[in-house]
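*Asks:* After the structure tokens below, expect a handful of questions from me.
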Amino acid sequence: MQLAVAPEDFRRLEPFLPRGMSAGDSAAPVDRAAGDLARLVLSQRLVPGQKVPMDEIAGRIGASRTPVREALRLLETEGLVDALPNRGFVLRRLDAREIAHLYDARSCIESFVARIAFGNRSRPFLEELRTLHRIYRGLLAGPGDRRRLGMLADKAFHVRIAGQAGNPHLAALLANMFDRLILTRPIEDFPLGRMSEAVEEHSQILAQMQSGTARGAEAAMMRNVRNGGAAIVAHMHSHTDFGVRVA
């Protein structure tokens with residue numbers, strides 16, 4: 001099952017998909033189960049806080065519940081699902097404090113990798129970054145129900161920059177943070193106006209990477225990360241009695 005994007009764009013996003021989403025029919029059932037769960041979320045058929053339909057996933061991948069349970073145990077260690085005692089698993093639903101912490105961590109990593117990636121720029125890197133930005137812009141210009149797909153393109157853009165910095169450990173940490181935000185962040189009633197703001201912030205990052213300075217690239221990255229985190233936490237605060245400041 002492919003995401004609702006053009007085949008060429010899907011190939012661009014494929015290296016950045018959550019665990020198991022690019023697994024073929026010959027892949028291990030555990031990987032296919034993890035991928036099927038991610039597709040359920042990205043297609044809006046499963047939302048954070050809901051119970052994971054283990055039997056449905058097992059039926060779709062042609063396996064028993066055992067590999068599905070194994071996949072969910074693995075995803076539990078990555079912060080994507082929670083086990084319910086003797087009752088299966090539920091897709092995690094991040095709260096405001098957890099989101100603030102993730103964005104604090106992103107700020108630490110991305111301020112560093114933006115600066116280093118600028119120094120490691122190459123023509124193929126900039127071409128790929130332009131393509132990922134085009135995909136991101138196209139997805140966020142579409143209907144609001146494509147926001148999670150837009151978050152996947154957001155991940156690809158940021159993780160690709162981290163990869164250019166040359167530290168695979170930081171890139172892997174950042175990828176996991178994005179997967180948690182993509183799959184377990186509540187987006188109900190999130191203001192659509194933030195989508196156009198995020199696209200413009202990505203444009204500024206790209207412009208700095210192409211013809212700016214290392215300091216400019218870092219500053220543009222920090223605006224995007226901090227504005228994104230602040231908008232999410234403010235929205236959650238407006239919908240609950242619990243608020244957290246994003247540093």
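So you can find residues: chains in the structure tokens are A, B, ... in the order shown, residues in each start at 1, and ligands are numbered from 1 in order.
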Hey, what does DSSP flag as strand (DSSP E or B) within stretch 34-184 of chain A? Can you give it to me as a ChimeraX atom specification?
*Replies:* /A:51,81-84,88-91
*Asks:* Find the residues around A:Ala83 up to 10 Å (only C-alpha atoms counted), leave out those fewer than 5 positions away in its own chain, and share them as a ChimeraX atom specification.
*Replies:* /A:51-52,69,72-73,76,88-92
*Asks:* Go through A:Arg147, A:Arg97, A:Arg60, A:Arg87 one by one, measure the shortest atom-to-atom distance of each to A:His237 using only C-alpha atoms, and give the residue with the smallest value.
*Replies:* A:Arg97
*Asks:* Between atom CA of A:Met236 and atom CA of A:Arg45, what is the distance in Å, rounded to a tenth?
*Replies:* 21.7 Å
*Asks:* For A:Gly216, which residue out of A:Asn120, A:Ser111, A:Thr184, A:Asn176 is the nearest one, using only C-alpha atoms?
*Replies:*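 So, comparing all the options, the nearest one is A:Ser111.
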*Asks:* Looking at A:Ser26, A:Ser122, A:Gln50, A:Asn86, which one is nearest to A:Ala165, with distances taken over only C-alpha atoms?
*Replies:*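 Closest residue, counting only C-alpha atoms: A:Ser122.
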*Asks:* Excluding same-chain residues fewer than 3 positions from A:Ala71, what lies within 8 Å of it counting only C-alpha atoms, as JSON, numbers by chain?
*Replies:* {"A": [30, 31, 33, 34, 67, 68, 74, 75]}
